[in-house]
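Q: Submitted below is the structure of interest, expressed as structure tokens.
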Amino acid sequence: MKLLVLNGPNINMLGIREPGIYGTQTFADLLSLIEDTAKEYCIHIEQYQSNHEGDLVDKIQAAYGKFNGIVINPAAYTHTSVAILDALKAVGIPAVEVHISNVDVRESFRQISYAGLYCEKTIKGQGLDGYRQAIAYLVEKYA
Ligand code: DQA
């Protein structure tokens with residue numbers, strides 16, 4: 001099984017950005033957690049982070065025919081990007097949305113998720129463990 005883990009803008013600033021909301025674990029910690037989870041399930045995982053919407057769209061398009069699942073935290077693009085939603089719909093790959101924070105109890109502009117309209121599951125407010133849960137879900141359902 002091959003999964004693509006995509007992270008949007010400012011996720012690379014984990015550990016520095018708003019620790020009261022996102023915690024003190026770093027982006028490097030997140031990458032290690034995902035690598036460890038890949039080893040645990042004996043699957044291949046490619047990770048990609050970008051601060052640019054079009055790069056994320058390109059990566060989703062390039063996943064067509066190559067990956068069995070996508071874990072995506074579109075970050076701020078969650079709440080704005082019809083382009084990312086359309087890219088997910090275009091490739092038709094099973095996807096799970098992750099948010100480190102519990103967006104449900106935050107500002108009203110975070111209550112809409114475009115990517116979430118496509119994703120079959122959303123995990124929020126679980127910290128970095130949300131990524132492990134998302135990978136576990138895709139492995140259990142599709143491997
Ligand atoms: C986030 C929540 C978004 O609202 C925010 O813009 C982010 C991170 C999260 O993981 O909790 O950058 O996706």
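Residues are referred to by chain and number: the chain letter is A, B, ... according to the order shown in the structure tokens, the number counts from 1 in that chain, and ligands are numbered separately from 1 in the order shown.
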Let me have all residues with an atom within 8 Å of ligand 1, counting only C-alpha atoms and all ligand atoms, laid out as number ranges by chain.
A: A: 8-11, 21-22, 73-79, 98-103, 110, 124-125, 127
Q: Could you pull out the helix (DSSP H, G or I) residues of stretch 20-66 of chain A from DSSP and send them as a VMD selection string?
A: chain A and resid 20 to 22 27 to 41 53 to 62
Q: Please indicate the distance in Å from atom CA of A:Leu88 to atom CA of A:Leu128, rounded to one decimal place.
A: 22.5 Å
Q: Taking a cut-off of 12 Å and counting only C-alpha atoms, can you build a table that, for each residue of stretch 55-121 of chain A near stretch 1-6 of chain A, reports the nearest atom pair and how far apart they are in Å (one decimal), sorted by chain then residue number, as CSV?
A:
```
residue,atom,partner,partner_atom,distance
A:Asp55,CA,A:Leu6,CA,10.5
A:Leu56,CA,A:Leu6,CA,7.5
A:Val57,CA,A:Leu6,CA,10.3
A:Asp58,CA,A:Leu6,CA,11.4
A:Lys59,CA,A:Leu6,CA,8.4
A:Ile60,CA,A:Leu6,CA,8.6
A:Gln61,CA,A:Leu4,CA,11.6
A:Ala62,CA,A:Leu4,CA,10.5
A:Ala63,CA,A:Leu4,CA,7.6
A:Tyr64,CA,A:Leu4,CA,10.8
A:Gly65,CA,A:Lys2,CA,10.5
A:Lys66,CA,A:Lys2,CA,7.5
A:Phe67,CA,A:Lys2,CA,5.0
A:Asn68,CA,A:Lys2,CA,5.5
A:Gly69,CA,A:Leu3,CA,4.9
A:Ile70,CA,A:Leu4,CA,4.8
A:Val71,CA,A:Val5,CA,4.7
A:Ile72,CA,A:Leu6,CA,4.7
A:Asn73,CA,A:Leu6,CA,6.2
A:Pro74,CA,A:Leu6,CA,7.3
A:Ala75,CA,A:Leu6,CA,9.9
A:Tyr77,CA,A:Leu6,CA,12.0
A:Ile84,CA,A:Leu6,CA,11.2
A:Leu88,CA,A:Leu6,CA,11.8
A:Ile93,CA,A:Leu3,CA,9.9
A:Pro94,CA,A:Leu3,CA,9.8
A:Ala95,CA,A:Leu4,CA,9.3
A:Val96,CA,A:Val5,CA,9.6
A:Glu97,CA,A:Leu6,CA,9.6
A:Val98,CA,A:Leu6,CA,9.8
A:His99,CA,A:Leu6,CA,11.7
```
Q: Can you tell me, as a list in words, which residues in stretch 1-119 of chain A count as strand (DSSP E) by DSSP?
A: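 Residues meeting the strand (DSSP E) criterion: Lys2, Leu3, Leu4, Val5, Leu6, Asn7, His44, Ile45, Glu46, Gln47, Tyr48, Gln49, Gly69, Ile70, Val71, Ile72, Asn73, Ala95, Val96, Glu97, Val98 and His99 of chain A.
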Q: Need the shell around A:Arg132: protein/DNA/RNA residues with any atom at most 8 Å away, counting only C-alpha atoms. Skip same-chain ones fewer than 3 positions apart. Format as a PDB file with N, CA, C and O atoms, in the first residue's frame?
A:
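Output contents, as saved in around_27.pdb:
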```
ATOM      1  N   LEU A  33       7.045  10.658  13.306  1.00  0.00           N
ATOM      2  CA  LEU A  33       5.853   9.889  13.694  1.00  0.00           C
ATOM      3  C   LEU A  33       5.263   9.182  12.473  1.00  0.00           C
ATOM      4  O   LEU A  33       4.874   8.006  12.546  1.00  0.00           O
ATOM      5  N   ILE A  34       5.218   9.887  11.353  1.00  0.00           N
ATOM      6  CA  ILE A  34       4.629   9.298  10.143  1.00  0.00           C
ATOM      7  C   ILE A  34       5.529   8.174   9.615  1.00  0.00           C
ATOM      8  O   ILE A  34       5.043   7.105   9.219  1.00  0.00           O
ATOM      9  N   THR A  37       5.010   5.199  11.768  1.00  0.00           N
ATOM     10  CA  THR A  37       3.710   4.569  11.489  1.00  0.00           C
ATOM     11  C   THR A  37       3.793   3.744  10.202  1.00  0.00           C
ATOM     12  O   THR A  37       3.220   2.647  10.121  1.00  0.00           O
ATOM     13  N   LEU A 128      -0.759  15.579  16.942  1.00  0.00           N
ATOM     14  CA  LEU A 128      -0.066  14.852  15.871  1.00  0.00           C
ATOM     15  C   LEU A 128      -0.575  13.422  15.735  1.00  0.00           C
ATOM     16  O   LEU A 128      -0.487  12.819  14.663  1.00  0.00           O
ATOM     17  N   ASP A 129      -1.126  12.877  16.809  1.00  0.00           N
ATOM     18  CA  ASP A 129      -1.638  11.506  16.734  1.00  0.00           C
ATOM     19  C   ASP A 129      -2.753  11.363  15.695  1.00  0.00           C
ATOM     20  O   ASP A 129      -3.023  10.249  15.221  1.00  0.00           O
ATOM     21  N   ILE A 135      -3.815   7.334   9.082  1.00  0.00           N
ATOM     22  CA  ILE A 135      -3.105   6.266   8.364  1.00  0.00           C
ATOM     23  C   ILE A 135      -3.711   4.911   8.745  1.00  0.00           C
ATOM     24  O   ILE A 135      -3.990   4.076   7.872  1.00  0.00           O
ATOM     25  N   ALA A 136      -3.950   4.716  10.039  1.00  0.00           N
ATOM     26  CA  ALA A 136      -4.525   3.440  10.513  1.00  0.00           C
ATOM     27  C   ALA A 136      -5.880   3.189   9.844  1.00  0.00           C
ATOM     28  O   ALA A 136      -6.171   2.069   9.406  1.00  0.00           O
TER      29      ALA A 136
END
```
Q: Please provide as a list in words all residues within 7 Å of A:Leu85, with the sequence filter that same-chain residues fewer than 6 positions apart are discarded (counting only C-alpha atoms).
A: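 Close residues of A:Leu85: Tyr114, Ala115 and Tyr118 of chain A.
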Q: Write the selection just made, keeping all heavy atoms, as a PDB file, in the first residue's frame?
A:
```
ATOM      1  N   TYR A 114     -13.505  22.844   2.723  1.00  0.00           N
ATOM      2  CA  TYR A 114     -13.765  22.417   1.340  1.00  0.00           C
ATOM      3  C   TYR A 114     -13.246  21.004   1.107  1.00  0.00           C
ATOM      4  O   TYR A 114     -13.966  20.159   0.572  1.00  0.00           O
ATOM      5  CB  TYR A 114     -13.159  23.423   0.348  1.00  0.00           C
ATOM      6  CG  TYR A 114     -13.939  24.715   0.312  1.00  0.00           C
ATOM      7  CD1 TYR A 114     -13.536  25.824   1.037  1.00  0.00           C
ATOM      8  CD2 TYR A 114     -15.122  24.806  -0.420  1.00  0.00           C
ATOM      9  CE1 TYR A 114     -14.268  26.995   1.024  1.00  0.00           C
ATOM     10  CE2 TYR A 114     -15.866  25.977  -0.429  1.00  0.00           C
ATOM     11  CZ  TYR A 114     -15.422  27.075   0.296  1.00  0.00           C
ATOM     12  OH  TYR A 114     -16.168  28.221   0.281  1.00  0.00           O
ATOM     13  N   ALA A 115     -12.013  20.730   1.526  1.00  0.00           N
ATOM     14  CA  ALA A 115     -11.450  19.378   1.348  1.00  0.00           C
ATOM     15  C   ALA A 115     -12.326  18.351   2.056  1.00  0.00           C
ATOM     16  O   ALA A 115     -12.509  17.231   1.569  1.00  0.00           O
ATOM     17  CB  ALA A 115     -10.023  19.320   1.886  1.00  0.00           C
ATOM     18  N   TYR A 118     -14.947  16.283   0.358  1.00  0.00           N
ATOM     19  CA  TYR A 118     -14.551  15.069  -0.379  1.00  0.00           C
ATOM     20  C   TYR A 118     -14.086  13.957   0.556  1.00  0.00           C
ATOM     21  O   TYR A 118     -14.390  12.782   0.316  1.00  0.00           O
ATOM     22  CB  TYR A 118     -13.412  15.391  -1.369  1.00  0.00           C
ATOM     23  CG  TYR A 118     -12.864  14.133  -1.998  1.00  0.00           C
ATOM     24  CD1 TYR A 118     -13.512  13.541  -3.077  1.00  0.00           C
ATOM     25  CD2 TYR A 118     -11.730  13.506  -1.475  1.00  0.00           C
ATOM     26  CE1 TYR A 118     -13.037  12.360  -3.616  1.00  0.00           C
ATOM     27  CE2 TYR A 118     -11.256  12.327  -2.019  1.00  0.00           C
ATOM     28  CZ  TYR A 118     -11.900  11.758  -3.097  1.00  0.00           C
ATOM     29  OH  TYR A 118     -11.443  10.590  -3.634  1.00  0.00           O
TER      30      TYR A 118
END
```
Q: Leaving out A:Thr26 and any residue of its chain fewer than 5 positions from it, which residues lie within 9 Å of it when counting only C-alpha atoms, given as a short mmCIF file (atom, residue, chain, number, x, y, z; two decimals) with C-alpha atoms, in the first residue's frame?
A:
```cif
data_model
loop_
_atom_site.label_atom_id
_atom_site.label_comp_id
_atom_site.auth_asym_id
_atom_site.auth_seq_id
_atom_site.Cartn_x
_atom_site.Cartn_y
_atom_site.Cartn_z
CA ASN A 12 6.41 23.28 8.74
CA MET A 13 6.37 25.82 11.62
CA LEU A 14 5.07 23.30 14.17
CA GLY A 15 6.85 23.69 17.49
CA ILE A 16 7.25 27.43 16.84
CA LEU A 31 7.76 13.48 9.99
#
```
Q: Mind pulling up the distance from atom CA of A:Val82 to atom CA of A:Val105?
A: 22.9 Å
Q: So, counting only C-alpha atoms, which residue among A:Tyr131, A:Gly116, A:Gln111, A:Ala87 is closest to A:Ile45?
A: A:Tyr131
Q: For a test of reading the model, state the distance in Å between atom CA of A:Gln49 and atom CA of A:Ala90, rounded to one decimal.
A: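 Interatomic distance, atom CA of A:Gln49 to atom CA of A:Ala90: 20.3 Å.
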